[in-house]
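Novice: The following block contains the structure, expressed as structure tokens.
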Amino acid sequence: MSSKTLSKFLHDNLEDLKSHGLYNVIDPLESGNGPLIRIGGRELVNLSSNNYLGLATDERLVSACIAATKAAGVGAGAVRTINGTLSVHVDLEQKLAEFKHTEAAIVFQSGFNCNMGAISAVMDANDAILSDELNHASIIDGCRLSRAKIIRYKHSDMDDLRLQARTAKESGLYNKLMVITDGVFSMDGDIAKLPEIIRIAEEYDLITYVDDAHGSGVLGNGAGTVKHFGLSDKVDFQIGTLSKAIGVVGGYVAGKQALIDWLKVRARPFLFSTSMTPGSAAACITALDILMNSTELQERLWDNAHYFKQGLAALGFDIGHSETPITPCIIGEEVATQTFSKRLYEEGIYAKSIVFPTVPKGTGRVRNMPTAAHTREMLDKALSVYEKVGKELAII
Ligand SMILES: *Cc1c(COP(=O)(O)O)cnc(C)c1O
């Protein structure tokens with residue numbers, strides 16, 4: 001028999017979400033997550049994946065995954081520190097260090113896991129973390145897990161960061177101080193002000209931690225936001241994910257050898273959760289080889305992003321101030337945003353609405369992720385549907 005308390009809790013809260021239109025219904029894909037997807041038997045232009053370079057369905061990665069799976073099996077069989085470190089994991093870590101221009105790298109099962117493990121391996125209750133108020137949920141949770149004091153600074157506000165860093169330093173309350181930021185902020189597509197963050201970090205001796213989940217493969221000739229600013233040797237923790245531009249799954253920290261050595265003995269998901277599958281690791285290596293040998297996919301991504309952004313702006317939509325391929329189309333009011341996204345869907349365009357509390361009230365948006373794999377024809381179709389629905393709902 002199940003708990004009455006739990007049943008009541010679940011029932012009340014689910015009803016509450018549903019009555020406020022906040023219950024998220026998940027639509028499973030009947031295809032891979034490429035530029036076109038199939039849902040409920042219908043084909044749609046997909047503008048909601050993080051598969052920036054189209055690598056999730058790339059034949060070269062698929063072949064590498066199959067070959068490694070045939071050679072080493074579907075599972076790694078143990079955690080990394082017992083005997084779940086296969087040579088393919090070591091190869092991937094070497095490749096990542098090369099890709100990021102750092103001494104070493106450590107791979108986790110996901111970007112989320114990486115933030116759970118890496119922050120708390122270094123920070124504790126006697127420390128403080130300066131955290132951008134718009135940082136990703138996994139950074140927020142990783143900070144909490146460390147039990148360090150969390151000091152939020154206003155989004156990309158360098159005066160506020162400097163003030164908070166000085167106050168924390170002068171208080172004498174903390175052993176270590178860290179500043180932590182997304183490289184690219186996923187809701188608006190803006191880039192962290194890394195050169196200034198690094199200056200402030202040098203002034204107040206802050207450990208620097210940049211989670212570049214949306215920047216790797218996209219900025220800095222593929223190597224990410226830190227490389228984009230020429231700061232590869234100035235950032236202590238360079239975090240990335242293997243699930244967005246790289247197209248597979250996993251997360252990593254790239255940095256100095258001593259840091260990586262420490263994480264390999266202290267980061268709990270590395271010690272207590274089974275390592276990434278051999279097939280995934282091999283597919284990631286293939287993706288990195290592709291990125292390190294050619295900028296073709298990045299160029300196509302940026303071409304498509306510029307084309308789509310110009311198209312939306314020319315139609316009269318508010319596309320915010322993104323500096324990356326992430327293209328918000330800001331509608332404003334929450335219900336109007338959801339209606340807009342629903343009408344796009346009915347017309348064959350998959351672009352999810354994002355509303356409060358994920359973004360501030362009154363800034364509801366449909367977020368578009370044009371990728372290297374979209375053709376002009378697909379983007380033109382999306383633009384013509386945007387025009388139709390925008391006029392119909394009197395947004396343009
Ligand atoms: C997506 C994202 C993550 C999570 O990465 P996964 O590999 O999907 O777990 C972590 N940090 C940031 C900033 C992200 O955008």
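We label chains A, B, ... in the order they appear in the structure tokens, count residues from 1 in each chain, and number ligands from 1 in the order shown.
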According to DSSP computed on the backbone, where in range 109-334 of chain A is there helix (DSSP H, G or I)? Give the residues as a PyMOL selection string.
Specialist: chain A and resi 111-122+137-146+158-171+194-204+220-222+225-228+257-266+268-272+278-293+296-315+334
Novice: Just want the residues within 9 Å of ligand 1, written as a PyMOL selection string, counting only C-alpha atoms and all ligand atoms.
Specialist: chain A and resi 50+108-115+135-139+181-186+210-214+239-244+248-252
Novice: Which residue is closest to Met378 in chain A? Choose from A:Gly390, A:Gly348, A:Pro269, A:Gly77 and count only C-alpha atoms.
Specialist: A:Gly348
Novice: Check the smallest atom-to-atom distance from each of A:Thr274, A:Thr339, A:Thr208, A:Gln257 to Gly21 in chain A using only C-alpha atoms, then report the winner.
Specialist: A:Thr339
Novice: Show me a table, sorted first by chain and then by increasing residue number, of the residues of range 192-235 of chain A having an atom at most 12 Å from range 82-105 of chain A, each with its shortest atom pair and the distance in Å to one decimal, counting only C-alpha atoms and written as JSON lines.
Specialist:
```
{"residue": "A:Asp212", "atom": "CA", "partner": "A:Lys100", "partner_atom": "CA", "distance": 11.1}
{"residue": "A:Gly215", "atom": "CA", "partner": "A:Lys100", "partner_atom": "CA", "distance": 11.9}
{"residue": "A:Ser216", "atom": "CA", "partner": "A:Lys100", "partner_atom": "CA", "distance": 9.1}
{"residue": "A:Gly217", "atom": "CA", "partner": "A:Phe99", "partner_atom": "CA", "distance": 10.0}
{"residue": "A:Leu219", "atom": "CA", "partner": "A:Lys100", "partner_atom": "CA", "distance": 12.0}
{"residue": "A:Gly220", "atom": "CA", "partner": "A:Lys100", "partner_atom": "CA", "distance": 10.1}
{"residue": "A:Asn221", "atom": "CA", "partner": "A:Phe99", "partner_atom": "CA", "distance": 10.4}
{"residue": "A:Gly222", "atom": "CA", "partner": "A:Phe99", "partner_atom": "CA", "distance": 8.5}
{"residue": "A:Ala223", "atom": "CA", "partner": "A:Lys100", "partner_atom": "CA", "distance": 5.7}
{"residue": "A:Gly224", "atom": "CA", "partner": "A:Lys100", "partner_atom": "CA", "distance": 7.9}
{"residue": "A:Thr225", "atom": "CA", "partner": "A:Lys100", "partner_atom": "CA", "distance": 10.3}
{"residue": "A:Val226", "atom": "CA", "partner": "A:Lys100", "partner_atom": "CA", "distance": 8.8}
{"residue": "A:Lys227", "atom": "CA", "partner": "A:Lys100", "partner_atom": "CA", "distance": 7.7}
{"residue": "A:His228", "atom": "CA", "partner": "A:Lys100", "partner_atom": "CA", "distance": 11.1}
{"residue": "A:Gly230", "atom": "CA", "partner": "A:His101", "partner_atom": "CA", "distance": 10.5}
{"residue": "A:Leu231", "atom": "CA", "partner": "A:His101", "partner_atom": "CA", "distance": 10.1}
{"residue": "A:Ser232", "atom": "CA", "partner": "A:His101", "partner_atom": "CA", "distance": 6.5}
{"residue": "A:Asp233", "atom": "CA", "partner": "A:Thr102", "partner_atom": "CA", "distance": 7.2}
{"residue": "A:Lys234", "atom": "CA", "partner": "A:Thr102", "partner_atom": "CA", "distance": 10.3}
{"residue": "A:Val235", "atom": "CA", "partner": "A:Thr102", "partner_atom": "CA", "distance": 9.8}
```
Novice: Which of these, A:Ser19, A:Ser48, A:Thr337, A:Asn13, has the shortest distance to Ser353 in chain A once you count only C-alpha atoms?
Specialist: A:Thr337
Novice: I want to know what sits within 8 Å of Arg367 in chain A, based on only C-alpha atoms, with residues of the same chain fewer than 4 positions away left out; could you give that as a PyMOL selection string?
Specialist: chain A and resi 47-48+187+326-329+351-354
Novice: Mind dumping the selected residues with N, CA, C and O atoms as a PDB file, in the first residue's frame?
Specialist:
```pdb
ATOM      1  N   LEU A  47      13.645  23.274 -34.130  1.00  0.00           N
ATOM      2  CA  LEU A  47      14.450  24.430 -33.703  1.00  0.00           C
ATOM      3  C   LEU A  47      14.678  24.403 -32.190  1.00  0.00           C
ATOM      4  O   LEU A  47      14.888  25.450 -31.578  1.00  0.00           O
ATOM      5  N   SER A  48      14.643  23.222 -31.599  1.00  0.00           N
ATOM      6  CA  SER A  48      14.772  23.159 -30.141  1.00  0.00           C
ATOM      7  C   SER A  48      15.894  22.267 -29.631  1.00  0.00           C
ATOM      8  O   SER A  48      16.034  22.115 -28.428  1.00  0.00           O
ATOM      9  N   MET A 187      19.537  31.178 -22.151  1.00  0.00           N
ATOM     10  CA  MET A 187      18.217  31.744 -22.431  1.00  0.00           C
ATOM     11  C   MET A 187      18.290  32.965 -23.348  1.00  0.00           C
ATOM     12  O   MET A 187      17.390  33.221 -24.132  1.00  0.00           O
ATOM     13  N   ILE A 326      22.071  30.842 -30.414  1.00  0.00           N
ATOM     14  CA  ILE A 326      20.820  30.812 -29.636  1.00  0.00           C
ATOM     15  C   ILE A 326      19.986  32.030 -30.019  1.00  0.00           C
ATOM     16  O   ILE A 326      20.463  33.159 -29.914  1.00  0.00           O
ATOM     17  N   THR A 327      18.770  31.803 -30.502  1.00  0.00           N
ATOM     18  CA  THR A 327      17.952  32.909 -31.001  1.00  0.00           C
ATOM     19  C   THR A 327      16.605  32.964 -30.303  1.00  0.00           C
ATOM     20  O   THR A 327      15.663  32.275 -30.701  1.00  0.00           O
ATOM     21  N   PRO A 328      16.501  33.795 -29.252  1.00  0.00           N
ATOM     22  CA  PRO A 328      15.195  33.935 -28.624  1.00  0.00           C
ATOM     23  C   PRO A 328      14.293  34.799 -29.500  1.00  0.00           C
ATOM     24  O   PRO A 328      14.773  35.713 -30.169  1.00  0.00           O
ATOM     25  N   CYS A 329      13.019  34.471 -29.540  1.00  0.00           N
ATOM     26  CA  CYS A 329      12.040  35.343 -30.188  1.00  0.00           C
ATOM     27  C   CYS A 329      11.118  35.753 -29.048  1.00  0.00           C
ATOM     28  O   CYS A 329      10.316  34.946 -28.563  1.00  0.00           O
ATOM     29  N   ALA A 351       9.422  24.653 -31.890  1.00  0.00           N
ATOM     30  CA  ALA A 351      10.240  25.637 -31.163  1.00  0.00           C
ATOM     31  C   ALA A 351       9.549  25.863 -29.828  1.00  0.00           C
ATOM     32  O   ALA A 351       8.458  26.427 -29.771  1.00  0.00           O
ATOM     33  N   LYS A 352      10.177  25.408 -28.765  1.00  0.00           N
ATOM     34  CA  LYS A 352       9.563  25.401 -27.438  1.00  0.00           C
ATOM     35  C   LYS A 352       9.464  26.805 -26.854  1.00  0.00           C
ATOM     36  O   LYS A 352      10.361  27.626 -27.010  1.00  0.00           O
ATOM     37  N   SER A 353       8.379  27.037 -26.130  1.00  0.00           N
ATOM     38  CA  SER A 353       8.252  28.300 -25.408  1.00  0.00           C
ATOM     39  C   SER A 353       8.965  28.177 -24.074  1.00  0.00           C
ATOM     40  O   SER A 353       9.016  27.104 -23.472  1.00  0.00           O
ATOM     41  N   ILE A 354       9.527  29.278 -23.625  1.00  0.00           N
ATOM     42  CA  ILE A 354      10.192  29.318 -22.323  1.00  0.00           C
ATOM     43  C   ILE A 354       9.639  30.520 -21.574  1.00  0.00           C
ATOM     44  O   ILE A 354       9.708  31.646 -22.070  1.00  0.00           O
TER      45      ILE A 354
END
```
Novice: Please list as JSON, numbers by chain every residue within 7 Å of range 295-310 of chain A, counting only C-alpha atoms and excluding residues in the same chain fewer than 4 positions away.
Specialist: {"A": [52, 53, 218, 221, 222, 291, 314, 325, 327, 370, 371, 372, 379]}
Novice: Based on the selection just made, write N, CA, C and O atoms of those residues as a short mmCIF file (atom, residue, chain, number, x, y, z; two decimals), in the first residue's frame.
Specialist:
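The resulting selection.cif:
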```cif
data_model
loop_
_atom_site.label_atom_id
_atom_site.label_comp_id
_atom_site.auth_asym_id
_atom_site.auth_seq_id
_atom_site.Cartn_x
_atom_site.Cartn_y
_atom_site.Cartn_z
N TYR A 52 23.97 21.47 -32.04
CA TYR A 52 24.41 22.61 -32.85
C TYR A 52 25.05 22.25 -34.19
O TYR A 52 24.89 22.95 -35.17
N LEU A 53 25.82 21.17 -34.20
CA LEU A 53 26.59 20.86 -35.40
C LEU A 53 25.99 19.67 -36.16
O LEU A 53 26.57 19.20 -37.14
N VAL A 218 31.08 25.94 -30.69
CA VAL A 218 30.35 27.05 -31.29
C VAL A 218 31.25 28.28 -31.43
O VAL A 218 31.32 28.91 -32.47
N ASN A 221 36.66 29.04 -32.66
CA ASN A 221 36.96 27.99 -33.63
C ASN A 221 36.60 26.61 -33.10
O ASN A 221 37.24 25.62 -33.42
N GLY A 222 35.60 26.56 -32.26
CA GLY A 222 35.14 25.28 -31.74
C GLY A 222 35.60 25.01 -30.31
O GLY A 222 34.94 24.31 -29.56
N LEU A 291 36.02 18.27 -35.29
CA LEU A 291 36.12 19.70 -34.93
C LEU A 291 37.54 20.23 -35.01
O LEU A 291 37.76 21.39 -35.35
N ALA A 314 14.00 40.94 -39.65
CA ALA A 314 13.40 41.64 -40.80
C ALA A 314 11.87 41.54 -40.77
O ALA A 314 11.17 42.44 -41.23
N PRO A 325 24.49 31.48 -31.70
CA PRO A 325 23.37 30.96 -32.50
C PRO A 325 22.03 30.87 -31.73
O PRO A 325 20.97 30.81 -32.35
N THR A 327 18.77 31.80 -30.50
CA THR A 327 17.95 32.91 -31.00
C THR A 327 16.61 32.96 -30.30
O THR A 327 15.66 32.28 -30.70
N PRO A 370 19.02 27.32 -34.39
CA PRO A 370 19.41 26.89 -35.74
C PRO A 370 20.71 26.10 -35.65
O PRO A 370 21.55 26.39 -34.78
N THR A 371 20.88 25.09 -36.47
CA THR A 371 22.09 24.25 -36.41
C THR A 371 22.77 24.18 -37.78
O THR A 371 22.21 24.64 -38.79
N ALA A 372 23.94 23.55 -37.78
CA ALA A 372 24.69 23.37 -39.03
C ALA A 372 23.92 22.44 -39.98
O ALA A 372 24.14 22.46 -41.19
N LEU A 379 14.95 26.47 -43.07
CA LEU A 379 14.90 27.76 -42.37
C LEU A 379 13.88 28.68 -43.03
O LEU A 379 13.17 29.42 -42.35
#
```
Novice: With only C-alpha atoms as the atoms that count, which of A:Leu344, A:Leu312, A:Cys284, A:Ile200 lies nearest to Val385 in chain A?
Specialist: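 Distance minimum relative to Val385 in chain A lands on A:Leu344.
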Novice: To one decimal in Å, tell me the separation between CA of Val253 in chain A and CA of Ile119 in chain A.
Specialist: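 A separation of 10.6 Å between them.
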Novice: Could you check the closest approach to Arg162 in chain A for each of A:Leu130, A:Ile191, A:Met116, A:Ala148 and tell me which residue wins, using only C-alpha atoms?
Specialist: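 That would be A:Leu130, the residue with the smallest distance to Arg162 in chain A.
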Novice: Please identify the strand (DSSP E or B) residues within range 128-158 of chain A (assignment by DSSP from backbone atoms) and present them as a VMD selection string.
Specialist: chain A and resid 128 to 132 149 to 153
Novice: Could you pull the residues within 9 Å of Ile150 in chain A, counting only C-alpha atoms, minus those fewer than 4 positions along the same chain, as a list in words?
Specialist: Asp127, Ala128, Ile129, Leu130, Ser131, Ile140, Cys143 and Arg144 of chain A
Novice: Which residues are close to Gly54 in chain A, i.e. within 8 Å by only C-alpha atoms, leaving aside same-chain residues fewer than 2 positions away? Reply as a list of chain:residue names.
Specialist: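 Residues meeting the cut-off are A:Gly34, A:Pro35, A:Asn51, A:Tyr52, A:Ala56, A:Thr57, A:Asp58, A:Ala245, A:Gly247, A:Thr371, A:Ala372, A:Ala373.
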Novice: For the atom pair CA of Leu44 in chain A and CA of Val25 in chain A, what is the interatomic distance in Å to one decimal place?
Specialist: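 Between CA of Leu44 in chain A and CA of Val25 in chain A the gap is 17.5 Å.
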Novice: Smallest atom-to-atom distance to Gly362 in chain A: which of A:Val389, A:Ala71, A:Ala382, A:Val335, using only C-alpha atoms?
Specialist: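 Under the stated criterion, the closest residue is A:Val335.
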Novice: Just give me the gap between CA of Met276 in chain A and CA of Ala118 in chain A in Å, one decimal is fine.
Specialist: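 According to the coordinates, CA of Met276 in chain A and CA of Ala118 in chain A are separated by 16.8 Å.
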